[in-house]
>>> print(open('data-v4.txt').read())   # compact mmCIF, C-alpha atoms
# COMPACT_ATOMS: atom_id res chain seq x y z
CA MET V 1 -0.52 -9.39 -3.04
CA LEU V 2 1.80 -10.35 -5.85
CA CYS V 3 2.03 -9.85 -9.61
CA PHE V 4 1.90 -12.64 -12.18
CA ARG V 5 2.27 -12.83 -15.95
CA SER V 6 -0.90 -14.90 -16.39
CA GLU V 7 -3.42 -17.15 -14.68
CA ALA V 8 -1.22 -20.13 -15.53
CA HIS V 9 1.58 -18.56 -13.51
CA VAL V 10 -0.79 -17.98 -10.56
CA ASP V 11 -1.87 -21.63 -10.70
CA ALA V 12 1.74 -22.83 -10.79
CA TRP V 13 2.68 -20.59 -7.86
CA CYS V 14 -0.26 -21.79 -5.74
CA LEU V 15 0.41 -25.44 -6.62
CA THR V 16 4.08 -25.19 -5.68
CA ARG V 17 3.20 -23.74 -2.28
CA GLY V 18 0.11 -25.82 -1.57
CA LEU V 19 -1.96 -22.65 -1.32
CA PRO V 20 -5.55 -22.23 -2.52
CA ARG V 21 -6.16 -20.17 -5.62
CA ARG V 22 -7.68 -16.89 -4.51
CA PRO V 23 -9.31 -14.04 -6.51
CA LEU V 24 -7.39 -12.37 -9.29
CA VAL V 25 -7.46 -8.63 -9.78
CA ASP V 26 -6.51 -6.91 -13.02
CA LEU V 27 -4.60 -3.64 -13.24
CA GLY V 28 -7.71 -1.57 -13.92
CA GLN V 29 -9.38 -2.86 -10.79
CA LEU V 30 -6.19 -2.43 -8.79
CA TRP V 31 -5.84 1.17 -9.95
CA HIS V 32 -9.37 1.88 -8.71
CA LEU V 33 -8.44 0.53 -5.28
CA ALA V 34 -5.15 2.44 -5.26
CA VAL V 35 -6.82 5.77 -6.07
CA HIS V 36 -9.49 5.32 -3.40
CA TRP V 37 -7.02 4.19 -0.73
CA TYR V 38 -4.20 6.57 -1.44
CA GLY V 39 -5.36 9.44 -3.65
CA ASN V 40 -5.51 11.85 -0.70
CA ARG V 41 -2.80 10.27 1.44
CA LEU V 42 -0.68 13.43 1.50
CA THR V 43 -3.53 15.60 2.75
CA VAL V 44 -4.87 16.58 6.19
CA ASP V 45 -8.03 14.53 5.69
CA SER V 46 -6.42 11.28 4.65
CA ARG V 47 -7.57 8.16 6.48
CA ARG V 48 -8.06 4.49 5.84
CA PRO V 49 -11.53 3.68 4.45
CA ALA V 50 -14.00 2.27 6.98
CA PRO V 51 -15.36 -1.25 6.27
CA GLU V 52 -18.59 0.06 4.70
CA GLU V 53 -16.56 2.26 2.36
CA MET V 54 -14.24 -0.62 1.52
CA THR V 55 -17.22 -2.78 0.56
CA ARG V 56 -18.52 -0.04 -1.73
CA ILE V 57 -15.12 0.55 -3.35
CA PHE V 58 -14.65 -3.18 -3.98
CA ALA V 59 -18.15 -3.49 -5.42
CA GLU V 60 -17.51 -0.61 -7.85
CA VAL V 61 -15.04 -2.86 -9.67
CA GLY V 62 -17.01 -6.07 -9.29
CA LEU V 63 -15.24 -7.44 -6.22
CA THR V 64 -18.34 -8.68 -4.40
CA ASP V 65 -17.31 -12.19 -3.40
CA PRO V 66 -17.32 -12.85 0.40
CA PHE V 67 -13.51 -12.83 0.10
CA TRP V 68 -13.77 -9.04 -0.10
CA ASP V 69 -16.05 -8.63 2.91
CA PRO V 70 -14.11 -6.72 5.59
CA SER V 71 -16.88 -6.92 8.17
CA ARG V 72 -15.10 -9.41 10.43
CA ASP V 73 -12.23 -6.95 10.77
CA ALA V 74 -12.61 -5.08 14.09
CA PHE V 75 -11.26 -1.82 12.64
CA ARG V 76 -13.93 0.87 12.37
CA GLY V 77 -11.94 3.70 10.80
CA MET E 1 -4.65 20.64 13.63
CA ASP E 2 -3.57 18.06 16.22
CA PHE E 3 0.02 16.90 16.49
CA ALA E 4 -0.68 13.42 15.09
CA THR E 5 -2.01 15.03 11.90
CA THR E 6 0.97 17.39 11.74
CA THR E 7 3.24 14.37 12.12
CA LYS E 8 1.38 12.43 9.43
CA LEU E 9 1.71 15.28 6.95
CA TRP E 10 5.40 15.77 7.74
CA ILE E 11 6.17 12.06 7.33
CA TYR E 12 4.33 11.70 4.04
CA GLN E 13 5.74 14.89 2.56
CA ARG E 14 9.22 13.80 3.61
CA VAL E 15 8.77 10.45 1.87
CA ALA E 16 7.40 12.12 -1.25
CA ASP E 17 10.34 14.53 -1.38
CA SER E 18 13.11 12.07 -0.55
CA GLY E 19 11.88 8.57 -1.45
CA ARG E 20 12.76 7.43 2.06
CA VAL E 21 10.61 6.85 5.16
CA PRO E 22 12.05 8.94 8.04
CA THR E 23 13.17 7.66 11.44
CA THR E 24 11.77 8.91 14.75
CA THR E 25 14.94 10.95 15.26
CA GLU E 26 14.52 12.62 11.88
CA ILE E 27 10.84 13.39 12.50
CA SER E 28 11.66 14.78 15.94
CA ALA E 29 14.33 17.05 14.48
CA GLY E 30 12.16 18.09 11.54
CA LEU E 31 9.22 19.05 13.75
CA ASP E 32 11.39 20.31 16.62
CA ARG E 33 9.47 18.21 19.13
CA PRO E 34 10.67 15.60 21.64
CA ALA E 35 11.00 12.03 20.37
CA GLU E 36 8.47 10.85 22.97
CA GLU E 37 5.81 13.12 21.48
CA VAL E 38 6.65 11.85 18.01
CA ARG E 39 6.41 8.24 19.19
CA ALA E 40 2.99 8.92 20.72
CA ALA E 41 1.84 10.54 17.46
CA CYS E 42 3.13 7.56 15.45
CA ASP E 43 1.36 5.16 17.82
CA SER E 44 -1.85 7.08 17.22
CA LEU E 45 -1.34 6.95 13.44
CA ALA E 46 -0.62 3.22 13.66
CA GLU E 47 -3.89 2.69 15.54
CA LYS E 48 -5.62 4.39 12.61
CA ARG E 49 -3.69 2.09 10.27
CA LEU E 50 -1.93 4.97 8.57
CA LEU E 51 1.46 3.64 9.67
CA VAL E 52 2.88 0.22 10.53
CA LEU E 53 5.54 0.25 13.24
CA ALA E 54 8.22 -2.30 14.04
CA THR E 55 7.25 -4.29 17.13
CA GLU E 56 10.45 -3.74 19.07
CA THR E 57 11.94 -0.47 17.82
CA ARG E 58 8.60 1.28 17.11
CA GLU E 59 10.20 2.76 14.00
CA ILE E 60 8.05 3.08 10.87
CA VAL E 61 8.10 -0.01 8.67
CA MET E 62 5.31 1.07 6.34
CA ALA E 63 3.76 4.44 5.63
CA PRO E 64 1.36 2.91 3.12
CA PRO E 65 1.73 2.89 0.16
CA PHE E 66 5.43 3.51 0.90
CA SER E 67 7.77 0.92 2.41
CA ALA E 68 10.65 1.82 4.71
CA VAL E 69 12.59 -1.18 3.48
CA ALA E 70 13.59 -2.41 0.03
CA THR E 71 10.94 -4.58 -1.63
CA PRO E 72 10.37 -6.18 -5.07
CA PHE E 73 7.88 -3.40 -5.88
CA VAL E 74 9.53 -0.20 -7.10
CA ALA E 75 7.61 2.84 -8.28
CA GLU E 76 9.32 5.69 -10.12
CA VAL E 77 7.45 8.98 -10.14
CA GLY E 78 8.82 12.41 -11.02
CA GLY E 79 12.33 11.03 -11.37
CA ARG E 80 12.30 9.66 -7.82
CA ARG E 81 12.33 6.01 -6.77
CA TYR E 82 10.10 4.59 -4.03
CA PHE E 83 9.63 1.14 -2.55
CA ALA E 84 6.03 -0.08 -2.22
CA ASN E 85 4.67 -2.74 0.11
CA CYS E 86 2.84 -4.78 -2.53
CA ALA E 87 1.30 -4.61 -6.01
CA TRP E 88 -1.63 -2.51 -4.77
CA ASP E 89 0.69 -0.05 -3.05
CA ALA E 90 2.95 0.09 -6.11
CA LEU E 91 0.04 1.66 -8.00
CA GLY E 92 -0.82 3.60 -4.84
CA ILE E 93 2.39 5.60 -5.09
CA PRO E 94 1.61 7.35 -8.40
CA ALA E 95 -1.99 7.69 -7.12
CA ALA E 96 -0.79 9.37 -3.91
CA LEU E 97 1.69 11.61 -5.72
CA HIS E 98 -0.73 12.44 -8.56
CA GLY E 99 1.97 11.84 -11.11
CA ALA E 100 2.68 9.53 -14.00
CA GLY E 101 5.27 6.89 -13.32
CA THR E 102 6.61 3.41 -13.84
CA VAL E 103 6.22 0.37 -11.63
CA ARG E 104 8.92 -2.28 -11.81
CA THR E 105 8.41 -5.70 -10.28
CA SER E 106 8.62 -9.33 -11.36
CA CYS E 107 6.32 -12.29 -11.83
CA ALA E 108 6.13 -14.05 -8.46
CA ASP E 109 6.11 -17.42 -10.24
CA CYS E 110 8.79 -17.21 -12.93
CA GLY E 111 10.74 -14.14 -11.84
CA ASP E 112 10.52 -12.43 -15.21
CA PRO E 113 10.75 -8.65 -14.87
CA MET E 114 7.50 -6.74 -15.32
CA THR E 115 7.15 -3.05 -16.11
CA ILE E 116 3.87 -1.20 -15.74
CA GLU E 117 3.59 2.30 -17.16
CA VAL E 118 1.18 4.42 -15.16
CA ALA E 119 -0.35 7.60 -16.59
CA GLN E 120 -2.18 10.08 -14.40
CA ASP E 121 -5.44 8.31 -15.22
CA GLY E 122 -4.18 4.79 -14.68
CA PRO E 123 -1.91 1.98 -15.89
CA SER E 124 -1.40 1.06 -19.51
CA PRO E 125 -2.69 -2.38 -20.53
CA THR E 126 -0.05 -4.91 -19.49
CA ASP E 127 0.02 -8.67 -19.09
CA CYS E 128 -0.17 -8.52 -15.33
CA LEU E 129 -2.60 -10.03 -12.83
CA THR E 130 -2.49 -9.69 -9.07
CA HIS E 131 -3.37 -12.49 -6.70
CA PHE E 132 -4.65 -11.76 -3.20
CA ALA E 133 -3.72 -14.62 -0.89
CA VAL E 134 -5.64 -13.45 2.19
CA PRO E 135 -9.33 -12.41 2.58
CA ALA E 136 -9.99 -8.71 3.29
CA ALA E 137 -11.16 -9.28 6.86
CA LEU E 138 -7.81 -10.82 7.76
CA TRP E 139 -5.39 -8.40 6.10
CA TRP E 140 -4.46 -6.64 9.33
CA GLU E 141 -3.82 -9.85 11.25
CA ASP E 142 -0.50 -9.82 9.39
CA ILE E 143 -0.35 -6.83 7.06
CA VAL E 144 3.09 -7.89 5.79
CA TYR E 145 1.52 -11.03 4.27
CA THR E 146 -1.58 -10.32 2.19
>>> encode(input="data-v4.txt", output="structure tokens")
Amino acid sequence: MLCFRSEAHVDAWCLTRGLPRRPLVDLGQLWHLAVHWYGNRLTVDSRRPAPEEMTRIFAEVGLTDPFWDPSRDAFRG
Amino acid sequence: MDFATTTKLWIYQRVADSGRVPTTTEISAGLDRPAEEVRAACDSLAEKRLLVLATETREIVMAPPFSAVATPFVAEVGGRRYFANCAWDALGIPAALHGAGTVRTSCADCGDPMTIEVAQDGPSPTDCLTHFAVPAALWWEDIVYT
């Protein structure tokens, strides 16, 4: 995932590359994801969230679109 | 504690202290264990998606949120500089280190530099949006491109 100055810059980037416009995430939402993914990464108990946990973490910041559904990923944590 | 967990903790503490992801040789020396045992531990951590290894060399490419190679996402925390794998991981570094910091990157479209100040409770408001190109279920089909 990449950073952009504005939605207009995202649109220009997608248009140039012939890529579909996908969801945008603001810094507050991204911080929430970062804390939940990595907040305990230097500890014994650190692990990647399981799909059910990912779904909950995404939903906590309003990311409920099917784009955020990890259920087709075979990883079970 | 099993050896994979010991290895995980050693790797992450080494990155935190040095800003650099260690090689198998360095991990082996640091833990005083044979390289083969370290490789097996890293394979186990990669299966748990706590590390990403290079296909041929089996060296660590990513110890998320940290990158073993230079990237356009740089996080500075506690006076040390770290490379992140993406925008998410760039914020993940101050989150993992529990310290305030600064993220330096650039707009993927126009190339203008972007600076994000990150306090211990999160980033300051900044004109910055992130775009996810790949749906969540497919991230690990090619974790380098998300």
>>> atom_distance(input="data-v4.txt", atom1="atom CA of Thr43 of chain V", atom2="atom CA of Ala137 of chain E")
26.3 Å
>>> atom_distance(input="data-v4.txt", atom1="atom CA of Asp127 of chain E", atom2="atom CA of Arg81 of chain E")
22.8 Å
>>> closest_residue(input="data-v4.txt", among="E:Ala136, E:Cys86, E:Ile11, E:Ala119", to="Ile60 of chain E", atoms="all atoms listed in the file")
E:Ile11
>>> residues_near_point(input="data-v4.txt", point="(-1.6, -13.0, -10.7)", cutoff="9 Å", atoms="all atoms listed in the file", output="PyMOL selection string")
(chain V and resi 1-11+23-26) or (chain E and resi 107-109+128-132)
>>> write_last_selection(input="data-v4.txt", atoms="C-alpha atoms", output="PDB file, in the coordinates of the input")
ATOM      1  CA  MET V   1      -0.520  -9.390  -3.040  1.00  0.00           C
ATOM      2  CA  LEU V   2       1.800 -10.350  -5.850  1.00  0.00           C
ATOM      3  CA  CYS V   3       2.030  -9.850  -9.610  1.00  0.00           C
ATOM      4  CA  PHE V   4       1.900 -12.640 -12.180  1.00  0.00           C
ATOM      5  CA  ARG V   5       2.270 -12.830 -15.950  1.00  0.00           C
ATOM      6  CA  SER V   6      -0.900 -14.900 -16.390  1.00  0.00           C
ATOM      7  CA  GLU V   7      -3.420 -17.150 -14.680  1.00  0.00           C
ATOM      8  CA  ALA V   8      -1.220 -20.130 -15.530  1.00  0.00           C
ATOM      9  CA  HIS V   9       1.580 -18.560 -13.510  1.00  0.00           C
ATOM     10  CA  VAL V  10      -0.790 -17.980 -10.560  1.00  0.00           C
ATOM     11  CA  ASP V  11      -1.870 -21.630 -10.700  1.00  0.00           C
ATOM     12  CA  PRO V  23      -9.310 -14.040  -6.510  1.00  0.00           C
ATOM     13  CA  LEU V  24      -7.390 -12.370  -9.290  1.00  0.00           C
ATOM     14  CA  VAL V  25      -7.460  -8.630  -9.780  1.00  0.00           C
ATOM     15  CA  ASP V  26      -6.510  -6.910 -13.020  1.00  0.00           C
TER      16      ASP V  26
ATOM     17  CA  CYS E 107       6.320 -12.290 -11.830  1.00  0.00           C
ATOM     18  CA  ALA E 108       6.130 -14.050  -8.460  1.00  0.00           C
ATOM     19  CA  ASP E 109       6.110 -17.420 -10.240  1.00  0.00           C
ATOM     20  CA  CYS E 128      -0.170  -8.520 -15.330  1.00  0.00           C
ATOM     21  CA  LEU E 129      -2.600 -10.030 -12.830  1.00  0.00           C
ATOM     22  CA  THR E 130      -2.490  -9.690  -9.070  1.00  0.00           C
ATOM     23  CA  HIS E 131      -3.370 -12.490  -6.700  1.00  0.00           C
ATOM     24  CA  PHE E 132      -4.650 -11.760  -3.200  1.00  0.00           C
TER      25      PHE E 132
END
>>> residues_around(input="data-v4.txt", residues="Phe58 of chain V", least_positions_apart="4", cutoff="12 Å", atoms="all atoms listed in the file", output="PDB file with C-alpha atoms, keeping the file's coordinate frame")
ATOM      1  CA  VAL V  25      -7.460  -8.630  -9.780  1.00  0.00           C
ATOM      2  CA  GLN V  29      -9.380  -2.860 -10.790  1.00  0.00           C
ATOM      3  CA  LEU V  30      -6.190  -2.430  -8.790  1.00  0.00           C
ATOM      4  CA  TRP V  31      -5.840   1.170  -9.950  1.00  0.00           C
ATOM      5  CA  HIS V  32      -9.370   1.880  -8.710  1.00  0.00           C
ATOM      6  CA  LEU V  33      -8.440   0.530  -5.280  1.00  0.00           C
ATOM      7  CA  ALA V  34      -5.150   2.440  -5.260  1.00  0.00           C
ATOM      8  CA  HIS V  36      -9.490   5.320  -3.400  1.00  0.00           C
ATOM      9  CA  TRP V  37      -7.020   4.190  -0.730  1.00  0.00           C
ATOM     10  CA  PRO V  49     -11.530   3.680   4.450  1.00  0.00           C
ATOM     11  CA  PRO V  51     -15.360  -1.250   6.270  1.00  0.00           C
ATOM     12  CA  GLU V  52     -18.590   0.060   4.700  1.00  0.00           C
ATOM     13  CA  GLU V  53     -16.560   2.260   2.360  1.00  0.00           C
ATOM     14  CA  MET V  54     -14.240  -0.620   1.520  1.00  0.00           C
ATOM     15  CA  GLY V  62     -17.010  -6.070  -9.290  1.00  0.00           C
ATOM     16  CA  LEU V  63     -15.240  -7.440  -6.220  1.00  0.00           C
ATOM     17  CA  THR V  64     -18.340  -8.680  -4.400  1.00  0.00           C
ATOM     18  CA  ASP V  65     -17.310 -12.190  -3.400  1.00  0.00           C
ATOM     19  CA  PRO V  66     -17.320 -12.850   0.400  1.00  0.00           C
ATOM     20  CA  PHE V  67     -13.510 -12.830   0.100  1.00  0.00           C
ATOM     21  CA  TRP V  68     -13.770  -9.040  -0.100  1.00  0.00           C
ATOM     22  CA  ASP V  69     -16.050  -8.630   2.910  1.00  0.00           C
ATOM     23  CA  PRO V  70     -14.110  -6.720   5.590  1.00  0.00           C
TER      24      PRO V  70
ATOM     25  CA  ALA E 136      -9.990  -8.710   3.290  1.00  0.00           C
TER      26      ALA E 136
END
>>> residues_near_point(input="data-v4.txt", point="(8.9, 12.5, 16.4)", cutoff="10 Å", atoms="all atoms listed in the file", output="JSON, numbers by chain")
{"E": [3, 4, 7, 10, 11, 22, 23, 24, 25, 26, 27, 28, 29, 30, 31, 32, 33, 34, 35, 36, 37, 38, 39, 40, 41, 42]}
>>> interface_residues(input="data-v4.txt", of="chain E", to="chain V", cutoff="8 Å", atoms="all atoms listed in the file", output="ChimeraX atom specification")
/E:5,9,12-13,48-50,65,86-89,91-93,95-98,105-110,122-123,125-138,140,145-146
>>> residues_around(input="data-v4.txt", residues="Val52 of chain E", least_positions_apart="6", cutoff="10 Å", atoms="only C-alpha atoms", output="count of residues only")
15
>>> atom_distance(input="data-v4.txt", atom1="atom CA of Asp112 of chain E", atom2="atom CA of Gly18 of chain V")
21.8 Å
>>> residues_around(input="data-v4.txt", residues="Ala70 of chain E", least_positions_apart="4", cutoff="10 Å", atoms="only C-alpha atoms", output="list in words")
Val74, Tyr82, Phe83, Ala84 and Asn85 of chain E
>>> axis_aligned_box(input="data-v4.txt", around="segment 97-115 of chain E", padding_each_side="5 Å", output="lines of an AutoDock Vina configuration file")
center_x = 5.0
center_y = -2.5
center_z = -10.9
size_x = 21.5
size_y = 39.9
size_z = 20.4
